[in-house]
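Student: PDB, C-alpha atoms, file upload-v7.pdb:
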ATOM      1  CA  LEU A  15     -27.451  -9.481  19.124
ATOM      2  CA  VAL A  16     -23.789  -8.467  19.405
ATOM      3  CA  GLN A  17     -22.566  -6.451  16.390
ATOM      4  CA  PRO A  18     -25.732  -7.371  14.444
ATOM      5  CA  VAL A  19     -25.598  -7.986  10.694
ATOM      6  CA  VAL A  20     -28.787  -7.758   8.624
ATOM      7  CA  LEU A  21     -28.483  -9.763   5.405
ATOM      8  CA  PRO A  22     -29.394  -7.556   2.431
ATOM      9  CA  LYS A  23     -31.113 -10.313   0.408
ATOM     10  CA  CYS A  24     -33.502 -11.710   3.019
ATOM     11  CA  GLY A  25     -33.417  -9.352   6.040
ATOM     12  CA  HIS A  26     -32.451 -12.040   8.580
ATOM     13  CA  ALA A  27     -30.182 -10.787  11.365
ATOM     14  CA  PHE A  28     -27.251 -12.507  13.101
ATOM     15  CA  CYS A  29     -24.322 -11.637  15.343
ATOM     16  CA  PHE A  30     -21.265 -10.825  13.221
ATOM     17  CA  ALA A  31     -19.069 -13.353  15.046
ATOM     18  CA  CYS A  32     -21.651 -16.148  14.835
ATOM     19  CA  LEU A  33     -22.254 -15.569  11.135
ATOM     20  CA  ALA A  34     -18.559 -15.313  10.274
ATOM     21  CA  GLU A  35     -17.787 -18.505  12.204
ATOM     22  CA  TYR A  36     -20.731 -20.280  10.538
ATOM     23  CA  LEU A  37     -19.337 -19.370   7.127
ATOM     24  CA  ARG A  38     -15.780 -20.334   8.092
ATOM     25  CA  VAL A  39     -16.686 -23.749   9.519
ATOM     26  CA  GLY A  40     -19.573 -24.610   7.200
ATOM     27  CA  LYS A  41     -17.669 -23.671   4.068
ATOM     28  CA  SER A  42     -14.231 -24.998   4.975
ATOM     29  CA  GLY A  43     -11.824 -24.184   2.167
ATOM     30  CA  ALA A  44     -14.431 -22.229   0.189
ATOM     31  CA  ASP A  45     -14.896 -18.495  -0.361
ATOM     32  CA  GLN A  46     -16.507 -16.842   2.667
ATOM     33  CA  GLY A  47     -18.908 -14.969   0.406
ATOM     34  CA  SER A  48     -20.255 -18.177  -1.176
ATOM     35  CA  GLY A  49     -22.362 -19.453   1.756
ATOM     36  CA  GLY A  50     -26.125 -19.010   2.267
ATOM     37  CA  CYS A  51     -28.385 -17.775   5.062
ATOM     38  CA  SER A  52     -28.864 -20.538   7.646
ATOM     39  CA  TYR A  53     -32.632 -19.877   7.622
ATOM     40  CA  CYS A  54     -33.455 -19.483   3.937
ATOM     41  CA  ARG A  55     -30.163 -20.137   2.053
ATOM     42  CA  SER A  56     -30.274 -16.773   0.296
ATOM     43  CA  GLU A  57     -26.942 -15.289  -0.775
ATOM     44  CA  MET A  58     -24.731 -13.733   1.910
ATOM     45  CA  PRO A  59     -21.974 -11.133   1.525
ATOM     46  CA  ASP A  60     -18.301 -11.665   2.333
ATOM     47  CA  LEU A  61     -18.466 -10.276   5.878
ATOM     48  CA  VAL A  62     -14.762 -10.438   6.660
ATOM     49  CA  GLY A  63     -13.767  -8.982   3.297
ATOM     50  CA  ALA A  64     -16.267  -6.131   3.659
ATOM     51  CA  SER A  65     -15.056  -5.285   7.168
ATOM     52  CA  MET A  66     -11.431  -5.344   6.027
ATOM     53  CA  GLU A  67     -12.247  -3.046   3.098
ATOM     54  CA  ARG A  68     -13.982  -0.558   5.433
ATOM     55  CA  ALA A  69     -11.047  -0.744   7.867
ATOM     56  CA  LYS A  70      -8.620  -0.077   4.998
ATOM     57  CA  LEU A  71     -10.526   3.032   3.887
ATOM     58  CA  LEU A  72     -10.848   4.305   7.457
ATOM     59  CA  CYS A  73      -7.120   3.770   8.113
ATOM     60  CA  ALA A  74      -6.265   5.737   4.983
ATOM     61  CA  ARG A  75      -8.513   8.602   6.094
ATOM     62  CA  ALA A  76      -7.050   8.623   9.622
ATOM     63  CA  LYS A  77      -3.562   9.121   8.142
ATOM     64  CA  ARG A  78      -4.520  12.163   6.063
ATOM     65  CA  LYS A  79      -2.897  15.412   7.151
ATOM     66  CA  ASN A  80      -5.999  17.545   6.631
ATOM     67  CA  VAL A  81      -8.155  15.584   9.101
ATOM     68  CA  GLY A  82      -8.895  17.313  12.425
ATOM     69  CA  SER A  83      -8.026  15.666  15.737
ATOM     70  CA  GLU A  84     -11.640  14.938  16.735
ATOM     71  CA  GLU A  85     -12.488  13.454  13.352
ATOM     72  CA  ARG A  86      -9.244  11.440  13.376
ATOM     73  CA  THR A  87     -10.111   9.957  16.774
ATOM     74  CA  GLU A  88     -13.600   9.012  15.588
ATOM     75  CA  VAL A  89     -12.286   7.490  12.353
ATOM     76  CA  CYS A  90      -9.770   5.434  14.350
ATOM     77  CA  ARG A  91     -12.564   4.233  16.634
ATOM     78  CA  LEU A  92     -14.637   3.102  13.653
ATOM     79  CA  ALA A  93     -11.625   1.381  12.069
ATOM     80  CA  LEU A  94     -10.852  -0.522  15.282
ATOM     81  CA  GLU A  95     -14.504  -1.518  15.523
ATOM     82  CA  GLU A  96     -14.347  -3.123  12.070
ATOM     83  CA  VAL A  97     -11.034  -4.831  12.811
ATOM     84  CA  GLU A  98     -12.174  -6.235  16.159
ATOM     85  CA  LYS A  99     -15.195  -7.830  14.451
ATOM     86  CA  VAL A 100     -12.787  -9.913  12.388
ATOM     87  CA  LEU A 101     -10.242 -10.600  15.134
ATOM     88  CA  CYS A 102     -12.935 -11.904  17.503
ATOM     89  CA  VAL A 103     -13.535 -14.655  14.930
ATOM     90  CA  ASP A 104      -9.963 -15.129  13.715
ATOM     91  CA  ASP A 105      -7.359 -13.618  16.049
ATOM     92  CA  ALA A 106      -4.554 -14.505  13.599
ATOM     93  CA  ASN A 107      -6.017 -12.642  10.610
ATOM     94  CA  SER A 108      -2.962 -10.940   9.113
ATOM     95  CA  LEU A 109      -4.821  -8.047   7.515
ATOM     96  CA  GLY A 110      -6.824  -7.455  10.673
ATOM     97  CA  LEU A 111      -3.678  -7.293  12.806
ATOM     98  CA  HIS A 112      -2.028  -5.030  10.217
ATOM     99  CA  TYR A 113      -4.894  -2.512  10.176
ATOM    100  CA  LYS A 114      -5.146  -2.580  13.969
ATOM    101  CA  ALA A 115      -1.427  -1.800  14.204
ATOM    102  CA  ALA A 116      -1.817   1.027  11.653
ATOM    103  CA  VAL A 117      -4.592   2.600  13.743
ATOM    104  CA  LEU A 118      -2.567   2.238  16.944
ATOM    105  CA  LEU A 119       0.290   4.115  15.262
ATOM    106  CA  VAL A 120      -2.064   6.966  14.337
ATOM    107  CA  LEU A 121      -3.273   7.031  17.960
ATOM    108  CA  GLY A 122       0.333   7.365  19.178
ATOM    109  CA  LYS A 123       0.641   3.828  20.562
ATOM    110  CA  PRO A 124       3.689   2.449  18.711
ATOM    111  CA  THR A 125       4.592  -0.155  21.349
ATOM    112  CA  GLU A 126       1.175  -1.796  20.978
ATOM    113  CA  ALA A 127       1.492  -1.555  17.193
ATOM    114  CA  VAL A 128       4.839  -3.388  17.341
ATOM    115  CA  GLU A 129       3.135  -6.205  19.272
ATOM    116  CA  MET A 130       0.533  -6.587  16.500
ATOM    117  CA  PHE A 131       3.132  -6.691  13.708
ATOM    118  CA  GLU A 132       5.322  -9.133  15.625
ATOM    119  CA  LYS A 133       2.307 -11.390  16.190
ATOM    120  CA  VAL A 134       1.752 -11.578  12.419
ATOM    121  CA  ILE A 135       5.394 -12.518  11.819
ATOM    122  CA  VAL A 136       5.425 -15.141  14.613
ATOM    123  CA  ASN A 137       2.187 -16.657  13.277
ATOM    124  CA  HIS A 138       3.768 -16.767   9.816
ATOM    125  CA  ALA A 139       6.860 -18.578  11.119
ATOM    126  CA  ASN A 140       4.821 -21.121  13.111
ATOM    127  CA  SER A 141       2.461 -21.839  10.208
ATOM    128  CA  ARG A 142       5.398 -22.180   7.802
ATOM    129  CA  ASP A 143       7.188 -24.650  10.099
ATOM    130  CA  ILE A 144       4.032 -26.707  10.687
ATOM    131  CA  GLY A 145       3.339 -26.807   6.949
ATOM    132  CA  LYS A 146       6.894 -27.915   6.227
ATOM    133  CA  LEU A 147       6.727 -30.716   8.793
ATOM    134  CA  ARG A 148       3.336 -31.830   7.486
ATOM    135  CA  ALA A 149       4.740 -32.130   3.967
ATOM    136  CA  GLU A 150       7.760 -34.056   5.234
ATOM    137  CA  GLY A 151       5.505 -36.385   7.238
ATOM    138  CA  ILE A 152       3.275 -37.133   4.244
ATOM    139  CA  ALA A 153       6.348 -37.843   2.103
ATOM    140  CA  ALA A 154       7.713 -40.200   4.776
ATOM    141  CA  VAL A 155       4.421 -42.131   4.980
ATOM    142  CA  GLU A 156       4.201 -42.403   1.192
ATOM    143  CA  ALA A 157       7.781 -43.726   1.150
ATOM    144  CA  GLY A 158       6.891 -46.310   3.803
ATOM    145  CA  ASP A 159       9.287 -44.787   6.359
ATOM    146  CA  HIS A 160       6.915 -44.873   9.349
ATOM    147  CA  GLU A 161       9.707 -44.413  11.872
ATOM    148  CA  LYS A 162      10.655 -41.081  10.258
ATOM    149  CA  ALA A 163       6.974 -40.092  10.093
ATOM    150  CA  GLU A 164       6.619 -40.712  13.833
ATOM    151  CA  ARG A 165       9.719 -38.612  14.575
ATOM    152  CA  ILE A 166       8.286 -35.775  12.496
ATOM    153  CA  ALA A 167       4.929 -36.082  14.290
ATOM    154  CA  GLU A 168       6.666 -35.798  17.674
ATOM    155  CA  GLU A 169       8.587 -32.764  16.455
ATOM    156  CA  ALA A 170       5.363 -31.145  15.231
ATOM    157  CA  LYS A 171       3.766 -31.600  18.674
ATOM    158  CA  LYS A 172       6.470 -29.370  20.167
ATOM    159  CA  LEU A 173       5.470 -26.448  17.940
ATOM    160  CA  PRO A 174       2.770 -24.031  19.171
ATOM    161  CA  LEU A 175      -0.615 -24.416  17.501
ATOM    162  CA  SER A 176      -1.153 -21.593  15.024
ATOM    163  CA  ARG A 177      -4.157 -20.307  13.103
ATOM    164  CA  GLY A 178      -1.947 -17.837  11.304
ATOM    165  CA  TYR A 179      -1.142 -17.604   7.642
ATOM    166  CA  VAL A 180       1.961 -18.321   5.608
ATOM    167  CA  LEU A 181       2.738 -14.995   3.939
ATOM    168  CA  SER A 182       4.303 -14.568   0.539
ATOM    169  CA  LYS A 183       7.838 -13.202   0.570
ATOM    170  CA  GLU A 184       6.583  -9.814  -0.688
ATOM    171  CA  SER A 185       3.881  -9.631   2.007
ATOM    172  CA  LEU A 186       6.363 -10.618   4.719
ATOM    173  CA  MET A 187       8.773  -7.865   3.612
ATOM    174  CA  SER A 188       5.909  -5.354   3.613
ATOM    175  CA  PHE A 189       4.902  -6.342   7.163
ATOM    176  CA  LYS A 190       8.515  -6.029   8.277
ATOM    177  CA  VAL A 191       8.741  -2.493   6.833
ATOM    178  CA  SER A 192       5.651  -1.589   8.864
ATOM    179  CA  LEU A 193       7.207  -3.193  11.957
ATOM    180  CA  ALA A 194      10.403  -1.168  11.468
ATOM    181  CA  GLN A 195       8.400   2.051  11.078
ATOM    182  CA  ALA A 196       6.541   1.276  14.304
ATOM    183  CA  LYS A 197       9.878   0.768  16.089
ATOM    184  CA  GLU A 198      11.021   4.144  14.720
ATOM    185  CA  ALA A 199       7.978   5.740  16.337
ATOM    186  CA  ILE A 200       8.867   4.393  19.819
ATOM    187  CA  PRO A 201      11.754   5.421  19.067
ATOM    188  CA  ASN A 202      13.917   2.314  18.853
ATOM    189  CA  TRP A 203      16.375   3.233  16.090
ATOM    190  CA  THR A 204      18.636   0.233  16.579
ATOM    191  CA  GLY A 205      15.738  -2.205  16.484
ATOM    192  CA  ALA A 206      14.264  -0.524  13.410
ATOM    193  CA  LEU A 207      17.607  -0.605  11.582
ATOM    194  CA  GLU A 208      17.984  -4.313  12.321
ATOM    195  CA  ILE A 209      14.591  -4.970  10.708
ATOM    196  CA  TYR A 210      15.421  -2.844   7.647
ATOM    197  CA  SER A 211      18.709  -4.749   7.282
ATOM    198  CA  GLU A 212      16.840  -8.071   7.457
ATOM    199  CA  ILE A 213      14.572  -6.906   4.637
ATOM    200  CA  PHE A 214      17.525  -5.937   2.435
ATOM    201  CA  ALA A 215      18.999  -9.400   3.043
ATOM    202  CA  MET A 216      15.701 -10.983   1.941
ATOM    203  CA  MET A 217      15.629  -9.099  -1.381
ATOM    204  CA  PRO A 218      16.951 -11.140  -4.333
ATOM    205  CA  PRO A 219      19.546  -8.931  -6.106
ATOM    206  CA  MET A 220      18.256  -9.599  -9.618
ATOM    207  CA  GLN A 221      14.543  -9.269  -8.815
ATOM    208  CA  ASN A 222      12.704  -6.082  -9.695
ATOM    209  CA  HIS A 223      11.135  -4.335  -6.716
ATOM    210  CA  SER A 224       8.780  -1.390  -6.873
ATOM    211  CA  ARG A 225      10.390   2.047  -6.662
ATOM    212  CA  THR A 226       7.933   2.913  -3.889
ATOM    213  CA  PHE A 227       9.070  -0.051  -1.781
ATOM    214  CA  ILE A 228      12.781   0.705  -2.246
ATOM    215  CA  ARG A 229      12.191   4.399  -1.508
ATOM    216  CA  SER A 230      10.330   3.555   1.706
ATOM    217  CA  LEU A 231      13.057   1.127   2.755
ATOM    218  CA  SER A 232      15.882   3.558   1.966
ATOM    219  CA  MET A 233      14.214   6.474   3.764
ATOM    220  CA  GLY A 234      13.715   4.312   6.844
ATOM    221  CA  MET A 235      17.359   3.287   6.905
ATOM    222  CA  SER A 236      18.453   6.906   6.374
ATOM    223  CA  ARG A 237      16.390   8.060   9.358
ATOM    224  CA  CYS A 238      17.838   5.306  11.548
ATOM    225  CA  PHE A 239      21.427   6.011  10.494
ATOM    226  CA  PHE A 240      20.961   9.733  11.162
ATOM    227  CA  HIS A 241      19.564   9.268  14.678
ATOM    228  CA  LEU A 242      22.318   6.764  15.472
ATOM    229  CA  GLY A 243      24.950   9.332  14.436
ATOM    230  CA  LEU A 244      25.992   7.417  11.297
ATOM    231  CA  HIS A 245      25.708  10.426   9.011
ATOM    232  CA  GLU A 246      27.684   9.173   6.007
ATOM    233  CA  GLN A 247      25.482   6.075   5.848
ATOM    234  CA  ALA A 248      22.416   8.291   6.259
ATOM    235  CA  ILE A 249      23.458  10.321   3.204
ATOM    236  CA  TYR A 250      24.056   7.193   1.130
ATOM    237  CA  ALA A 251      20.665   5.691   2.028
ATOM    238  CA  GLY A 252      18.945   9.032   1.503
ATOM    239  CA  LEU A 253      20.460   9.427  -1.962
ATOM    240  CA  MET A 254      19.184   5.941  -2.817
ATOM    241  CA  ALA A 255      15.686   7.086  -1.816
ATOM    242  CA  LEU A 256      16.105  10.218  -3.947
ATOM    243  CA  GLU A 257      16.916   8.066  -6.967
ATOM    244  CA  MET A 258      13.562   6.343  -6.508
ATOM    245  CA  SER A 259      11.503   9.550  -6.140
ATOM    246  CA  ARG A 260      12.650  13.146  -5.793
ATOM    247  CA  GLN A 261       9.051  14.334  -5.343
ATOM    248  CA  PHE A 262       8.240  12.376  -2.173
ATOM    249  CA  PRO A 263       7.809  14.675   0.868
ATOM    250  CA  GLY A 264      10.840  14.862   3.157
ATOM    251  CA  VAL A 265      13.169  12.810   0.977
ATOM    252  CA  HIS A 266      15.637  15.682   0.368
ATOM    253  CA  ARG A 267      15.677  16.752   4.006
ATOM    254  CA  LEU A 268      16.968  13.347   5.098
ATOM    255  CA  VAL A 269      20.088  13.938   3.003
ATOM    256  CA  ALA A 270      20.417  17.635   3.895
ATOM    257  CA  GLN A 271      20.256  17.018   7.659
ATOM    258  CA  ALA A 272      23.033  14.443   7.447
ATOM    259  CA  GLN A 273      25.107  16.729   5.216
ATOM    260  CA  ASN A 274      24.676  19.542   7.724
ATOM    261  CA  ALA A 275      25.652  17.218  10.584
ATOM    262  CA  ILE A 276      29.048  16.475   8.995
ATOM    263  CA  GLY A 277      29.655  20.177   8.333
ATOM    264  CA  THR A 278      28.931  20.376   4.599
ATOM    265  CA  VAL A 279      26.347  23.154   4.921
ATOM    266  CA  GLU A 280      26.724  24.293   1.315
ATOM    267  CA  ALA A 281      25.890  20.798   0.066
ATOM    268  CA  ALA A 282      22.897  20.727   2.423
ATOM    269  CA  MET A 283      21.649  24.044   0.996
ATOM    270  CA  LYS A 284      21.939  22.730  -2.571
ATOM    271  CA  THR A 285      19.959  19.657  -1.562
ATOM    272  CA  MET A 286      17.190  21.771  -0.018
ATOM    273  CA  CYS A 287      17.099  24.044  -3.080
ATOM    274  CA  ARG A 288      16.246  20.933  -5.077
ATOM    275  CA  ALA A 289      13.610  20.082  -2.456
ATOM    276  CA  VAL A 290      11.927  23.466  -2.996
ATOM    277  CA  LEU A 291      11.998  22.893  -6.762
ATOM    278  CA  TYR A 292      10.941  19.248  -6.983
ATOM    279  CA  GLU A 293       9.237  18.008  -3.816
ATOM    280  CA  THR A 294       5.435  17.806  -3.864
ATOM    281  CA  PRO A 295       4.729  21.147  -5.624
ATOM    282  CA  TRP A 296       1.035  20.499  -4.868
ATOM    283  CA  ASP A 297       1.629  20.255  -1.099
ATOM    284  CA  ASP A 298       1.865  23.775   0.363
ATOM    285  CA  ARG A 299       2.676  22.462   3.845
ATOM    286  CA  ASN A 300       5.645  20.396   2.697
ATOM    287  CA  GLN A 301       6.855  23.237   0.454
ATOM    288  CA  LYS A 302       6.822  25.614   3.434
ATOM    289  CA  GLU A 303       8.724  23.127   5.631
ATOM    290  CA  ALA A 304      11.372  22.675   2.909
ATOM    291  CA  PHE A 305      11.728  26.449   2.405
ATOM    292  CA  ASP A 306      11.924  27.093   6.172
ATOM    293  CA  TYR A 307      14.744  24.551   6.567
ATOM    294  CA  LEU A 308      16.569  26.109   3.620
ATOM    295  CA  LYS A 309      16.338  29.529   5.315
ATOM    296  CA  GLU A 310      17.605  27.942   8.548
ATOM    297  CA  LEU A 311      20.641  26.561   6.718
ATOM    298  CA  LYS A 312      21.340  29.914   5.044
ATOM    299  CA  SER A 313      21.316  31.666   8.414
ATOM    300  CA  MET A 314      24.133  29.476   9.760
TER
END
What would the structure in this file look like if it were written as structure tokens?
Tutor:
Amino acid sequence: LVQPVVLPKCGHAFCFACLAEYLRVGKSGADQGSGGCSYCRSEMPDLVGASMERAKLLCARAKRKNVGSEERTEVCRLALEEVEKVLCVDDANSLGLHYKAAVLLVLGKPTEAVEMFEKVIVNHANSRDIGKLRAEGIAAVEAGDHEKAERIAEEAKKLPLSRGYVLSKESLMSFKVSLAQAKEAIPNWTGALEIYSEIFAMMPPMQNHSRTFIRSLSMGMSRCFFHLGLHEQAIYAGLMALEMSRQFPGVHRLVAQAQNAIGTVEAAMKTMCRAVLYETPWDDRNQKEAFDYLKELKSM
């Protein structure tokens, strides 16, 4: 058996891929956890959901600062193992591709991570377009316009087949933030900034967005502006992030670095004084980094 799974209720064993495909095909449109053992029909767990939950927990552990390099490598290996189980059955699984990309970033492979995130977004676009054409074709048939239905069918044939998923607007924006962060890690500051700008354009002005999301978006734009030499814009974006959370690690330094770059050292020192006071008082490492940069500014 390849990647064997022993069912807890009856003890029968199957390959993960065979069992997951059996559930997917045999229970088309139903919950994956609702099928039964092919031998005895006893209850089976949600294999894909369980693997994704383990991958999520492993990814979170791999990102922790207090994890040693050997343990981090092993945790990443286990996370990829869980993700590959799912992707061998459904290579367009959005969560699977997302967690794989997250692990690749931890392993220092941002270019490969970008490929994973871009695959999710391309699958989303293809699935959305196919779904739109399908709806238009059904409407044309119901209206008796068979000529239009045939034109739509021919247009649909030109689109690549996709087993991807149509993401909600919020999920798509979240994936794009992750894509931009992966481009930062390459580093591709221009490419990352373009993605962040796309996300801002997608955000309805009157809709409430989480402070965490806006802070993440603003910090990303501030980093990009700074590395592209656009220091005034970096300060503006950094201050927006500060408005969302003055306790998040590194948020003050984004502003202070840009202030220092345009020659306003005193303003940079005031910003870092606030960092020492407010940023993650429970995080000794971040507190030391903030204090060290403040001392560096004072020595200028």
Student: Looking at only C-alpha atoms, which of A:Asn274, A:Val155, A:Ser185, A:Lys114 is the one that sits closest to Ile135 (chain A)?
Tutor: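 The closest residue to Ile135 (chain A) is A:Ser185.
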Student: Can you list what the PyMOL selection byres ((chain A and resi 280) around 12) grabs from this structure, as a list of chain:residue names?
Tutor: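 Applying the PyMOL selection byres ((chain A and resi 280) around 12) to the structure shown produces A:Ala270, A:Gln271, A:Gln273, A:Asn274, A:Ala275, A:Ile276, A:Gly277, A:Thr278, A:Val279, A:Ala281, A:Ala282, A:Met283, A:Lys284, A:Thr285, A:Met286, A:Cys287, A:Leu308, A:Leu311, A:Lys312, A:Ser313, A:Met314.
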Student: May I ask which of the residues A:Thr87, A:Asn107, A:Thr226, A:Gln247 is the closest one to Gln261 (chain A), counting all atoms listed in the file?
Tutor: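 Once distances to Gln261 (chain A) are computed over all atoms listed in the file, the minimum belongs to A:Thr226.
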Student: Go through A:Ala157, A:Ala149, A:Val180, A:Val103 and flag the residue nearest Val136 (chain A), using all atoms listed in the file for the distances.
Tutor: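 Ranking A:Ala157, A:Ala149, A:Val180, A:Val103 by distance to Val136 (chain A), first place goes to A:Val180.
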Student: So which residues touch Leu193 (chain A) within 9 Å, counting all atoms listed in the file, skipping near sequence neighbours fewer than 3 positions away, as a list of chain:residue names?
Tutor: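 Using all atoms listed in the file, the neighbours found are A:Ala127, A:Val128, A:Glu129, A:Met130, A:Phe131, A:Glu132, A:Ser188, A:Phe189, A:Lys190, A:Ala196, A:Lys197, A:Glu198, A:Ala206, A:Ile209.
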Student: Determine the axis-aligned bounding box of all atoms of region 134-153 of chain A present in the file, pad each side by 5 Å, and express its centre and edge lengths in Å to one decimal place as JSON.
Tutor:
{"center_x": 4.8, "center_y": -24.7, "center_z": 8.4, "size_x": 16.0, "size_y": 36.3, "size_z": 22.5}
Student: Applied to this file, what does the PyMOL selection byres ((chain A and resi 229) around 10) return in terms of residues, put as a ChimeraX atom specification?
Tutor: /A:224-228,230-235,251-260,262,265
Student: So, with all atoms listed in the file as the atoms that count, which of A:Leu94, A:Cys102, A:Val120, A:Leu242 lies closest to Pro201 (chain A)?
Tutor: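 Looking only at the distances to Pro201 (chain A), the closest residue turns out to be A:Leu242.
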Student: Env of Ala69 (chain A): 9 Å cut, atoms = all atoms listed in the file, seq-sep filter 2 positions within chain, self excluded. Answer as a PyMOL selection string.
Tutor: chain A and resi 64-67+71-74+92-97+110+113-114
Student: Generate a file of the selected residues that holds C-alpha atoms, formatted as a PDB file, keeping the file's coordinate frame.
Tutor:
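Once written, selection.pdb looks like this:
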ATOM      1  CA  ALA A  64     -16.267  -6.131   3.659  1.00  0.00           C
ATOM      2  CA  SER A  65     -15.056  -5.285   7.168  1.00  0.00           C
ATOM      3  CA  MET A  66     -11.431  -5.344   6.027  1.00  0.00           C
ATOM      4  CA  GLU A  67     -12.247  -3.046   3.098  1.00  0.00           C
ATOM      5  CA  LEU A  71     -10.526   3.032   3.887  1.00  0.00           C
ATOM      6  CA  LEU A  72     -10.848   4.305   7.457  1.00  0.00           C
ATOM      7  CA  CYS A  73      -7.120   3.770   8.113  1.00  0.00           C
ATOM      8  CA  ALA A  74      -6.265   5.737   4.983  1.00  0.00           C
ATOM      9  CA  LEU A  92     -14.637   3.102  13.653  1.00  0.00           C
ATOM     10  CA  ALA A  93     -11.625   1.381  12.069  1.00  0.00           C
ATOM     11  CA  LEU A  94     -10.852  -0.522  15.282  1.00  0.00           C
ATOM     12  CA  GLU A  95     -14.504  -1.518  15.523  1.00  0.00           C
ATOM     13  CA  GLU A  96     -14.347  -3.123  12.070  1.00  0.00           C
ATOM     14  CA  VAL A  97     -11.034  -4.831  12.811  1.00  0.00           C
ATOM     15  CA  GLY A 110      -6.824  -7.455  10.673  1.00  0.00           C
ATOM     16  CA  TYR A 113      -4.894  -2.512  10.176  1.00  0.00           C
ATOM     17  CA  LYS A 114      -5.146  -2.580  13.969  1.00  0.00           C
TER      18      LYS A 114
END
Student: Any chance you could resolve the PyMOL selection byres ((chain A and resi 143) around 12) against this file and give the residues as a PyMOL selection string?
Tutor: chain A and resi 136-142+144-150+166+169-176+178-180
Student: With only C-alpha atoms as the basis for distance, which of A:Glu246, A:Met58, A:Thr125, A:Glu98 is at the shortest distance from Ala31 (chain A)?
Tutor: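 Among the listed residues, the smallest separation from Ala31 (chain A) belongs to A:Glu98.
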Student: If I take CA of His245 (chain A) and CA of Arg288 (chain A), how far is one from the other in Å, to one decimal?
Tutor: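 Computing the Euclidean distance for CA of His245 (chain A) and CA of Arg288 (chain A) yields 20.0 Å.
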Student: Any idea what the distance is between CA of Phe305 (chain A) and CA of Tyr250 (chain A)?
Tutor: 22.9 Å
Student: Just the residues within 6 Å of Pro124 (chain A), please, counting all atoms listed in the file, with nothing from its chain fewer than 5 positions along; format it as a PDB file with C-alpha atoms, in the frame of the given file.
Tutor:
ATOM      1  CA  LEU A 119       0.290   4.115  15.262  1.00  0.00           C
ATOM      2  CA  ALA A 196       6.541   1.276  14.304  1.00  0.00           C
ATOM      3  CA  ALA A 199       7.978   5.740  16.337  1.00  0.00           C
ATOM      4  CA  ILE A 200       8.867   4.393  19.819  1.00  0.00           C
TER       5      ILE A 200
END
Student: As an exercise, work out the distance from CA of Ser56 (chain A) to CA of Tyr36 (chain A) in Å and give it to one decimal place.
Tutor: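 Taking CA of Ser56 (chain A) and CA of Tyr36 (chain A), their separation equals 14.4 Å.
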Student: Would you mind telling me which residue in A:His266, A:Lys309, A:His160, A:Leu33 lies nearest to Leu291 (chain A) when using all atoms listed in the file?
Tutor: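 Looking at the shortest contact to Leu291 (chain A), the residue is A:His266.
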Student: Residues within 7 Å of Pro263 (chain A), please, as a short mmCIF file (atom, residue, chain, number, x, y, z; two decimals) with C-alpha atoms, in the frame of the given file. Count all atoms listed in the file; anything in the same chain fewer than 6 positions from it doesn't count.
Tutor:
data_model
loop_
_atom_site.label_atom_id
_atom_site.label_comp_id
_atom_site.auth_asym_id
_atom_site.auth_seq_id
_atom_site.Cartn_x
_atom_site.Cartn_y
_atom_site.Cartn_z
CA GLU A 293 9.24 18.01 -3.82
CA THR A 294 5.44 17.81 -3.86
CA ASN A 300 5.64 20.40 2.70
#
Student: Would you save region 75-93 of chain A from the block above with C-alpha atoms, as an mmCIF file, in the first residue's frame?
Tutor:
data_model
loop_
_atom_site.group_PDB
_atom_site.id
_atom_site.type_symbol
_atom_site.label_atom_id
_atom_site.label_comp_id
_atom_site.auth_asym_id
_atom_site.auth_seq_id
_atom_site.Cartn_x
_atom_site.Cartn_y
_atom_site.Cartn_z
ATOM 1 C CA ARG A 75 4.882 25.300 13.838
ATOM 2 C CA ALA A 76 7.479 25.614 11.055
ATOM 3 C CA LYS A 77 7.024 29.409 11.096
ATOM 4 C CA ARG A 78 7.647 29.771 14.835
ATOM 5 C CA LYS A 79 10.819 31.637 15.748
ATOM 6 C CA ASN A 80 11.752 29.348 18.635
ATOM 7 C CA VAL A 81 11.960 26.193 16.490
ATOM 8 C CA GLY A 82 15.473 24.873 15.782
ATOM 9 C CA SER A 83 16.699 24.350 12.224
ATOM 10 C CA GLU A 84 16.644 20.534 12.383
ATOM 11 C CA GLU A 85 13.155 20.445 13.863
ATOM 12 C CA ARG A 86 11.967 23.038 11.325
ATOM 13 C CA THR A 87 13.253 20.907 8.444
ATOM 14 C CA GLU A 88 11.515 17.815 9.818
ATOM 15 C CA VAL A 89 8.250 19.686 10.403
ATOM 16 C CA CYS A 90 8.371 21.004 6.827
ATOM 17 C CA ARG A 91 8.942 17.469 5.544
ATOM 18 C CA LEU A 92 5.905 16.192 7.442
ATOM 19 C CA ALA A 93 3.776 19.111 6.222
#
